[in-house]
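Structure file my_file.cif; described as mmCIF, C-alpha atoms.
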data_coords
#
loop_
_atom_site.label_atom_id
_atom_site.label_comp_id
_atom_site.auth_asym_id
_atom_site.auth_seq_id
_atom_site.Cartn_x
_atom_site.Cartn_y
_atom_site.Cartn_z
CA MET W 1 70.91 125.74 94.45
CA PRO W 2 71.66 124.33 97.92
CA ALA W 3 74.45 125.96 99.94
CA CYS W 4 75.71 125.56 103.52
CA VAL W 5 75.35 128.93 105.24
CA ILE W 6 76.53 129.65 108.79
CA HIS W 7 74.57 132.36 110.63
CA GLY W 8 76.12 132.06 114.09
CA PRO W 9 77.23 129.51 116.69
CA GLY W 10 75.21 126.32 116.16
CA ASP W 11 73.17 127.89 113.36
CA LEU W 12 74.07 126.07 110.14
CA ARG W 13 71.45 126.11 107.39
CA VAL W 14 71.20 124.49 103.98
CA GLU W 15 69.64 127.32 102.00
CA GLU W 16 68.54 127.76 98.41
CA LEU W 17 70.69 130.44 96.81
CA PRO W 18 70.68 131.72 93.21
CA SER W 19 73.33 130.27 90.93
CA PRO W 20 76.28 132.68 90.67
CA VAL W 21 77.02 134.65 87.52
CA PRO W 22 80.77 134.66 86.78
CA GLY W 23 82.32 138.10 86.66
CA PRO W 24 85.28 139.21 84.53
CA GLY W 25 88.08 136.65 84.77
CA GLU W 26 85.90 134.18 86.67
CA VAL W 27 84.71 130.69 85.77
CA LEU W 28 81.73 128.68 86.93
CA VAL W 29 82.44 125.41 88.73
CA ALA W 30 79.98 122.65 89.56
CA VAL W 31 81.12 121.47 92.99
CA ARG W 32 81.18 117.71 93.53
CA TYR W 33 82.81 117.28 96.95
CA GLY W 34 83.66 119.58 99.83
CA GLY W 35 85.78 118.61 102.82
CA VAL W 36 84.63 119.73 106.26
CA CYS W 37 87.63 121.48 107.82
CA GLY W 38 88.43 122.29 111.43
CA SER W 39 87.85 125.98 110.72
CA ASP W 40 84.37 125.18 109.35
CA LEU W 41 83.67 123.37 112.63
CA HIS W 42 84.91 126.37 114.63
CA TYR W 43 82.55 128.69 112.77
CA TRP W 44 79.72 126.23 113.42
CA ARG W 45 80.47 125.68 117.09
CA HIS W 46 81.83 129.05 118.20
CA GLY W 47 80.97 131.61 115.52
CA GLY W 48 84.61 132.16 114.63
CA VAL W 49 88.05 130.68 114.27
CA GLY W 50 91.03 132.16 116.08
CA ASP W 51 90.59 135.93 115.94
CA PHE W 52 88.26 135.79 112.91
CA ARG W 53 84.62 136.27 114.02
CA LEU W 54 81.38 136.00 112.06
CA ARG W 55 79.70 139.34 111.44
CA GLU W 56 77.26 138.25 108.75
CA PRO W 57 75.92 134.99 107.22
CA MET W 58 78.60 133.18 105.23
CA VAL W 59 78.75 130.18 102.92
CA LEU W 60 81.29 127.85 104.47
CA GLY W 61 83.91 125.68 102.78
CA HIS W 62 87.30 126.00 101.16
CA GLU W 63 88.20 122.37 100.38
CA VAL W 64 86.32 121.83 97.11
CA VAL W 65 86.64 119.94 93.84
CA GLY W 66 84.29 119.70 90.89
CA THR W 67 83.95 120.29 87.18
CA ALA W 68 84.65 123.55 85.34
CA LEU W 69 81.56 124.62 83.43
CA THR W 70 83.07 127.60 81.63
CA GLY W 71 86.51 128.86 80.64
CA PRO W 72 89.51 127.07 79.15
CA LEU W 73 89.08 124.05 81.46
CA ALA W 74 85.37 123.59 80.75
CA GLY W 75 84.41 119.95 81.16
CA ARG W 76 87.55 119.10 83.15
CA ALA W 77 87.68 117.86 86.74
CA VAL W 78 89.35 120.57 88.81
CA ALA W 79 90.45 121.40 92.33
CA VAL W 80 89.98 124.96 93.57
CA HIS W 81 92.90 126.77 95.21
CA PRO W 82 91.00 128.80 97.83
CA ALA W 83 93.32 131.83 98.04
CA SER W 84 93.48 134.97 95.90
CA PRO W 85 96.49 137.00 97.13
CA CYS W 86 96.61 140.65 96.19
CA GLY W 87 100.05 140.43 94.53
CA ARG W 88 100.91 143.99 95.62
CA CYS W 89 101.60 144.00 99.37
CA PRO W 90 105.13 143.62 100.83
CA GLU W 91 104.46 139.97 101.68
CA CYS W 92 103.37 139.08 98.16
CA ARG W 93 106.35 140.91 96.69
CA ASP W 94 108.58 138.97 99.08
CA GLY W 95 107.25 135.64 97.84
CA ARG W 96 105.13 134.95 100.93
CA ARG W 97 101.70 135.14 99.35
CA ASN W 98 100.19 132.83 101.99
CA VAL W 99 100.42 135.70 104.52
CA CYS W 100 99.18 138.37 102.10
CA ARG W 101 97.62 141.17 104.14
CA ASP W 102 94.80 141.64 101.61
CA THR W 103 94.08 138.10 100.45
CA ARG W 104 90.66 136.66 99.75
CA TYR W 105 90.14 133.09 101.00
CA LEU W 106 87.04 131.02 100.37
CA GLY W 107 84.77 130.73 103.39
CA SER W 108 86.71 133.13 105.59
CA ALA W 109 85.52 135.81 108.02
CA ALA W 110 88.98 137.39 108.16
CA ARG W 111 87.63 140.37 106.25
CA THR W 112 84.27 142.14 106.01
CA PRO W 113 82.30 141.62 103.83
CA HIS W 114 83.24 137.97 104.36
CA VAL W 115 84.51 135.89 101.47
CA GLN W 116 81.76 133.42 100.66
CA GLY W 117 82.89 129.80 100.53
CA GLY W 118 82.64 126.79 98.28
CA PHE W 119 79.95 124.67 99.97
CA ALA W 120 77.41 125.28 97.21
CA THR W 121 76.31 123.38 94.12
CA GLU W 122 77.94 126.01 91.90
CA ILE W 123 80.58 128.65 92.62
CA ALA W 124 82.24 131.38 90.56
CA VAL W 125 85.98 131.76 91.16
CA PRO W 126 88.91 133.44 89.41
CA ALA W 127 90.20 131.24 86.58
CA GLU W 128 93.72 131.22 88.01
CA GLN W 129 92.45 129.38 91.11
CA LEU W 130 91.57 126.24 89.15
CA ARG W 131 93.90 123.26 88.91
CA PRO W 132 93.09 120.35 86.57
CA LEU W 133 93.32 117.05 88.38
CA PRO W 134 96.35 114.91 87.48
CA ALA W 135 95.67 111.74 85.52
CA GLY W 136 94.33 109.00 87.75
CA LEU W 137 93.36 111.26 90.66
CA GLU W 138 89.69 110.84 91.54
CA PRO W 139 87.79 113.88 92.86
CA ARG W 140 86.99 112.09 96.12
CA ARG W 141 90.68 111.91 97.06
CA ALA W 142 91.56 115.22 95.40
CA VAL W 143 89.44 117.08 97.95
CA LEU W 144 92.30 116.47 100.40
CA ALA W 145 94.56 118.79 98.38
CA GLU W 146 93.87 121.88 100.48
CA PRO W 147 94.55 120.34 103.93
CA LEU W 148 97.51 118.39 102.55
CA ALA W 149 98.93 121.66 101.19
CA VAL W 150 98.63 123.12 104.72
CA ALA W 151 100.59 120.14 106.03
CA LEU W 152 103.24 120.37 103.33
CA HIS W 153 103.76 124.06 104.08
CA ALA W 154 104.12 123.37 107.82
CA VAL W 155 106.77 120.71 107.18
CA ARG W 156 108.65 123.05 104.85
CA ARG W 157 108.57 125.77 107.50
CA ALA W 158 110.60 123.39 109.66
CA GLY W 159 113.39 123.21 107.09
CA SER W 160 114.82 119.89 105.98
CA VAL W 161 113.38 116.97 107.95
CA ALA W 162 115.26 114.31 105.96
CA GLY W 163 116.68 111.71 108.33
CA LYS W 164 115.18 113.42 111.39
CA HIS W 165 112.75 112.44 114.13
CA VAL W 166 109.57 114.50 113.83
CA LEU W 167 106.93 114.87 116.55
CA VAL W 168 103.36 115.82 115.63
CA THR W 169 100.99 116.83 118.44
CA GLY W 170 97.37 116.32 117.44
CA ALA W 171 96.11 113.57 115.12
CA GLY W 172 93.13 115.32 113.60
CA PRO W 173 92.89 115.49 109.79
CA ILE W 174 95.65 118.13 109.55
CA GLY W 175 97.90 116.32 112.02
CA CYS W 176 97.52 113.07 110.10
CA LEU W 177 98.40 114.84 106.87
CA VAL W 178 101.46 116.39 108.55
CA VAL W 179 102.50 112.82 109.36
CA ALA W 180 102.18 111.93 105.67
CA ALA W 181 103.95 115.12 104.57
CA ALA W 182 106.86 114.50 106.94
CA GLY W 183 107.21 110.96 105.64
CA ALA W 184 107.16 112.18 102.05
CA ALA W 185 109.89 114.70 102.95
CA GLY W 186 112.19 111.92 104.17
CA ALA W 187 111.71 111.98 107.94
CA ALA W 188 113.44 109.00 109.53
CA ARG W 189 110.78 108.64 112.22
CA VAL W 190 107.41 110.29 112.94
CA THR W 191 105.84 110.17 116.38
CA VAL W 192 102.30 111.48 116.85
CA THR W 193 100.37 112.21 120.05
CA ASP W 194 96.65 112.55 120.70
CA LEU W 195 94.08 111.89 123.41
CA LEU W 196 91.86 109.62 121.30
CA PRO W 197 92.71 106.05 120.26
CA ALA W 198 90.68 106.39 117.05
CA ALA W 199 92.67 109.46 116.02
CA LEU W 200 95.93 107.63 116.65
CA GLU W 201 94.74 104.80 114.40
CA TYR W 202 94.18 107.28 111.58
CA ALA W 203 97.69 108.62 112.21
CA ARG W 204 99.04 105.10 111.72
CA VAL W 205 97.16 104.92 108.41
CA ALA W 206 98.93 108.16 107.45
CA GLY W 207 102.31 106.58 108.19
CA ALA W 208 103.13 107.35 111.84
CA ASP W 209 105.87 105.10 113.22
CA THR W 210 104.76 105.62 116.82
CA ALA W 211 101.41 106.76 118.22
CA VAL W 212 101.31 107.96 121.82
CA ARG W 213 98.43 108.71 124.17
CA ALA W 214 98.97 112.35 125.13
CA ASP W 215 97.38 111.79 128.55
CA ASP W 216 99.54 108.78 129.45
CA PRO W 217 103.01 109.84 130.68
CA ALA W 218 103.90 106.15 131.11
CA ASP W 219 103.28 105.32 127.44
CA PRO W 220 106.53 103.69 126.27
CA GLY W 221 106.23 105.45 122.90
CA TRP W 222 107.22 108.85 124.33
CA PRO W 223 110.56 109.93 122.83
CA SER W 224 113.27 111.40 125.03
CA GLU W 225 113.74 114.14 122.44
CA VAL W 226 113.01 114.92 118.80
CA ASP W 227 114.65 117.05 116.13
CA VAL W 228 111.51 118.81 114.88
CA ALA W 229 108.03 119.24 116.37
CA VAL W 230 104.85 120.36 114.60
CA GLU W 231 102.02 121.47 116.88
CA ALA W 232 98.76 120.59 115.10
CA SER W 233 96.29 120.35 117.97
CA GLY W 234 95.67 124.06 118.48
CA VAL W 235 95.91 123.84 122.28
CA ALA W 236 98.55 125.31 124.58
CA ALA W 237 99.31 121.89 126.08
CA GLY W 238 100.40 120.66 122.66
CA LEU W 239 102.80 123.56 122.25
CA ASP W 240 104.19 122.89 125.71
CA THR W 241 104.85 119.25 124.76
CA CYS W 242 106.66 120.34 121.61
CA LEU W 243 108.88 122.81 123.44
CA ARG W 244 109.80 120.29 126.13
CA LEU W 245 110.61 117.43 123.76
CA VAL W 246 112.41 119.17 120.92
CA ARG W 247 116.20 119.02 121.22
CA ARG W 248 118.39 122.03 121.94
CA GLY W 249 118.58 124.15 118.82
CA GLY W 250 115.58 122.29 117.36
CA VAL W 251 112.60 123.69 115.50
CA VAL W 252 108.97 123.90 116.64
CA VAL W 253 106.30 124.82 114.09
CA GLN W 254 103.00 126.14 115.45
CA LEU W 255 100.37 125.07 112.92
CA GLY W 256 97.21 124.60 114.99
CA MET W 257 95.19 127.79 115.46
CA LEU W 258 95.23 128.56 119.18
CA PRO W 259 92.18 130.00 120.99
CA PRO W 260 91.72 133.76 120.63
CA GLY W 261 93.60 135.98 123.04
CA ARG W 262 96.79 135.21 124.90
CA SER W 263 98.17 131.68 125.20
CA PRO W 264 100.81 130.82 127.83
CA PHE W 265 103.90 128.97 126.67
CA ALA W 266 107.27 127.89 128.08
CA GLY W 267 109.16 130.89 126.77
CA ASN W 268 112.21 130.28 128.92
CA LEU W 269 112.84 127.03 127.03
CA VAL W 270 112.93 128.98 123.77
CA VAL W 271 115.72 131.08 125.31
CA SER W 272 117.77 128.51 127.22
CA ARG W 273 117.67 125.87 124.50
CA GLU W 274 117.73 128.28 121.53
CA ILE W 275 114.61 126.66 120.13
CA GLU W 276 113.32 128.17 116.91
CA LEU W 277 109.56 128.70 117.16
CA ARG W 278 107.97 129.28 113.75
CA GLY W 279 104.41 129.82 112.62
CA ALA W 280 102.80 128.14 109.62
CA PHE W 281 99.73 129.67 107.98
CA ARG W 282 97.92 128.18 105.01
CA PHE W 283 100.08 127.58 101.90
CA ASP W 284 100.86 128.79 98.39
CA THR W 285 102.41 126.63 95.67
CA GLU W 286 102.18 123.57 97.93
CA PHE W 287 98.64 123.11 96.59
CA ASP W 288 100.04 121.85 93.29
CA ASP W 289 102.50 119.59 95.11
CA ALA W 290 99.62 118.17 97.14
CA LEU W 291 97.73 117.17 94.00
CA THR W 292 100.82 115.39 92.68
CA LEU W 293 101.32 113.52 95.96
CA LEU W 294 97.65 112.53 96.15
CA ALA W 295 97.76 111.14 92.61
CA ALA W 296 100.68 108.91 93.57
CA GLU W 297 99.42 107.51 96.88
CA GLU W 298 96.17 105.58 97.42
CA ALA W 299 96.71 105.35 101.19
CA PHE W 300 95.15 108.81 101.58
CA ASP W 301 91.76 107.22 100.88
CA GLY W 302 91.95 105.67 104.35
CA LEU W 303 91.65 109.12 105.95
CA ILE W 304 88.19 109.73 104.44
CA SER W 305 85.68 108.54 107.03
CA ALA W 306 82.37 109.34 105.34
CA VAL W 307 80.72 111.05 102.36
CA VAL W 308 77.42 112.74 103.30
CA PRO W 309 74.81 114.38 101.00
CA VAL W 310 74.78 118.16 101.29
CA ARG W 311 71.16 118.15 102.48
CA GLU W 312 72.41 116.34 105.60
CA ALA W 313 75.14 118.91 106.26
CA GLU W 314 74.42 119.28 109.96
CA SER W 315 74.83 115.54 110.57
CA ALA W 316 78.05 115.68 108.53
CA PHE W 317 79.37 118.47 110.75
CA ALA W 318 78.39 116.55 113.87
CA LEU W 319 80.25 113.50 112.59
CA ALA W 320 83.31 115.56 111.64
CA ALA W 321 83.32 117.09 115.12
CA ASP W 322 83.35 113.64 116.73
CA ARG W 323 87.02 112.72 116.44
CA GLY W 324 86.31 109.40 118.09
CA ARG W 325 84.37 108.38 114.97
CA SER W 326 85.90 110.26 112.07
CA CYS W 327 88.91 111.83 110.42
CA LYS W 328 87.90 113.64 107.21
CA VAL W 329 84.21 113.96 106.33
CA LEU W 330 83.13 115.04 102.85
CA LEU W 331 79.94 116.71 101.64
CA ASP W 332 78.56 115.38 98.35
CA PHE W 333 76.99 118.05 96.15
CA GLY W 334 75.69 115.81 93.38
CA THR W 335 76.54 113.56 90.50
CA PRO W 336 79.82 113.94 88.59
#
What would you get if you wrote out this structure as structure tokens?
Amino acid sequence: MPACVIHGPGDLRVEELPSPVPGPGEVLVAVRYGGVCGSDLHYWRHGGVGDFRLREPMVLGHEVVGTALTGPLAGRAVAVHPASPCGRCPECRDGRRNVCRDTRYLGSAARTPHVQGGFATEIAVPAEQLRPLPAGLEPRRAVLAEPLAVALHAVRRAGSVAGKHVLVTGAGPIGCLVVAAAGAAGAARVTVTDLLPAALEYARVAGADTAVRADDPADPGWPSEVDVAVEASGVAAGLDTCLRLVRRGGVVVQLGMLPPGRSPFAGNLVVSREIELRGAFRFDTEFDDALTLLAAEEAFDGLISAVVPVREAESAFALAADRGRSCKVLLDFGTP
């Protein structure tokens, strides 16, 4: 079966691998679509994401939907929750399974041996990771459940945003979904910044009230201050913008994964304005909420830029990396 295997920076191969044999408690899933994520692009371009570095070949992908071939949901369209928390560590016992210190996450080099991902025609996963798709939700849109869950978790980390002005720095796929998540949570206004006009157009599709060129200080859309800021670009300049625009006593959520090593930031503003700086990492139960939201809103279809056959994976990755031409790019693994 074809699978997308990363061997190192710039070395992505579509290889023929044997079909997996489900182990105890696992089910076999025929993958239909996989969404190319920013972390997949980082593995492809740089051989790692954040502090997680490739040490061996790894099947990429953690945004996948398909059809269960075995188990209680056999024959049903399903989305795959990519995380398997240990359930035993202090974080899991404290209800924060998304930061489990011993989790397994599809397509992640955070541990060695790496956890192989979902960009393959068939995968074997624990049965508890499967979610049947809600009525009316097509697999093509359902593949957004994982990144939307990331966005929902980031917005929840900010606390209540109802009636507030929310700033989002970075209008990539995650940033656009943060825009949608903030709107769904009742934000009164959402302003998004980015360097690329095409990205800002996608943010408007997601529901942004104002889209601002990050490199244009004279843009009239710049707010004087905001109540909440979510940094989704993964660059220090984005965090700086958030800290300087959030009001005194406001909340900044760092969602974008910053480059490895130390990142400078305006720490004195955190002190003098009593800004609350919070991290947001992955998600937990928000995955189920994402499926419900996707089933109710067709506008998410506008964030899908292209669907590319798996055999053309490298061109799909190149397109996904070109933010001037795309938002979310999907790999197609075959017929439903």
Chain and number of each residue from the PyMOL selection byres ((chain W and resi 273) around 12), as a PyMOL selection string: chain W and resi 243-252+266-272+274-277
At most 12 Å is the cut-off: for each residue in segment 221-309 of chain W with any atom that close to an atom of segment 162-181 of chain W, write down the nearest atom pair and the distance in Å rounded to one decimal, counting only C-alpha atoms, chain first then increasing number, as a Markdown table.
| residue | atom | partner | partner_atom | distance |
| --- | --- | --- | --- | --- |
| W:Gly221 | CA | W:Leu167 | CA | 11.4 |
| W:Trp222 | CA | W:Leu167 | CA | 9.8 |
| W:Pro223 | CA | W:Leu167 | CA | 8.8 |
| W:Ser224 | CA | W:His165 | CA | 11.0 |
| W:Glu225 | CA | W:His165 | CA | 8.5 |
| W:Val226 | CA | W:His165 | CA | 5.3 |
| W:Asp227 | CA | W:His165 | CA | 5.4 |
| W:Val228 | CA | W:Val166 | CA | 4.8 |
| W:Ala229 | CA | W:Leu167 | CA | 4.5 |
| W:Val230 | CA | W:Val168 | CA | 4.9 |
| W:Glu231 | CA | W:Thr169 | CA | 5.0 |
| W:Ala232 | CA | W:Gly170 | CA | 5.1 |
| W:Ser233 | CA | W:Gly170 | CA | 4.2 |
| W:Gly234 | CA | W:Gly170 | CA | 8.0 |
| W:Val235 | CA | W:Gly170 | CA | 9.1 |
| W:Ala236 | CA | W:Thr169 | CA | 10.8 |
| W:Ala237 | CA | W:Thr169 | CA | 9.3 |
| W:Gly238 | CA | W:Thr169 | CA | 5.7 |
| W:Leu239 | CA | W:Thr169 | CA | 7.9 |
| W:Asp240 | CA | W:Thr169 | CA | 10.0 |
| W:Thr241 | CA | W:Thr169 | CA | 7.8 |
| W:Cys242 | CA | W:Thr169 | CA | 7.4 |
| W:Leu243 | CA | W:Leu167 | CA | 10.7 |
| W:Arg244 | CA | W:Leu167 | CA | 11.4 |
| W:Leu245 | CA | W:Leu167 | CA | 8.5 |
| W:Val246 | CA | W:Leu167 | CA | 8.2 |
| W:Arg247 | CA | W:His165 | CA | 10.3 |
| W:Gly250 | CA | W:Val166 | CA | 10.5 |
| W:Val251 | CA | W:Val166 | CA | 9.8 |
| W:Val252 | CA | W:Leu167 | CA | 9.3 |
| W:Val253 | CA | W:Val168 | CA | 9.6 |
| W:Gln254 | CA | W:Thr169 | CA | 10.0 |
| W:Leu255 | CA | W:Ile174 | CA | 9.0 |
| W:Gly256 | CA | W:Ile174 | CA | 8.6 |
| W:Met257 | CA | W:Ile174 | CA | 11.3 |
| W:Ala280 | CA | W:Val178 | CA | 11.9 |
| W:Arg282 | CA | W:Ile174 | CA | 11.3 |
| W:Glu286 | CA | W:Ala181 | CA | 10.9 |
| W:Asp289 | CA | W:Ala181 | CA | 10.6 |
| W:Ala290 | CA | W:Ala181 | CA | 9.1 |
| W:Leu293 | CA | W:Ala181 | CA | 9.1 |
| W:Leu294 | CA | W:Ala180 | CA | 10.6 |
| W:Glu297 | CA | W:Ala180 | CA | 10.2 |
| W:Ala299 | CA | W:Ala180 | CA | 9.7 |
| W:Phe300 | CA | W:Leu177 | CA | 8.7 |
| W:Asp301 | CA | W:Leu177 | CA | 11.7 |
| W:Gly302 | CA | W:Cys176 | CA | 10.9 |
| W:Leu303 | CA | W:Pro173 | CA | 7.5 |
| W:Ile304 | CA | W:Pro173 | CA | 9.2 |
| W:Ser305 | CA | W:Pro173 | CA | 10.4 |
For segment 44-53 of chain W: contacts at 10 Å, all atoms listed in the file, fewer than 2 positions along chain excluded, given as an MDAnalysis selection string: chainID W and resid 5:12 38:42 55:56 60 108:112 114 234 256:261 314 317:318 321
Contact residues around segment 208-220 of chain W with all atoms listed in the file at 6 Å, ignoring same-chain residues under 3 positions, as JSON, numbers by chain: {"W": [190, 191, 192, 193, 194, 195, 200, 203, 204]}
Straight-line distance linking atom CA of Asp102 of chain W with atom CA of Thr285 of chain W, stated in Å to one decimal: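 Answer for the atom CA of Asp102 of chain W to atom CA of Thr285 of chain W separation: 17.8 Å.
Atom CA of Pro90 of chain W lies 24.5 Å from atom CA of Ala151 of chain W.
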For atom CA of Pro126 of chain W and atom CA of His81 of chain W, the interatomic separation in Å (one decimal): 9.7 Å
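Distances from W:Gly334, W:Gly107, W:Pro264, W:Pro134 to Cys37 of chain W were compared using all atoms listed in the file, and the smallest one belongs to W:Gly107.
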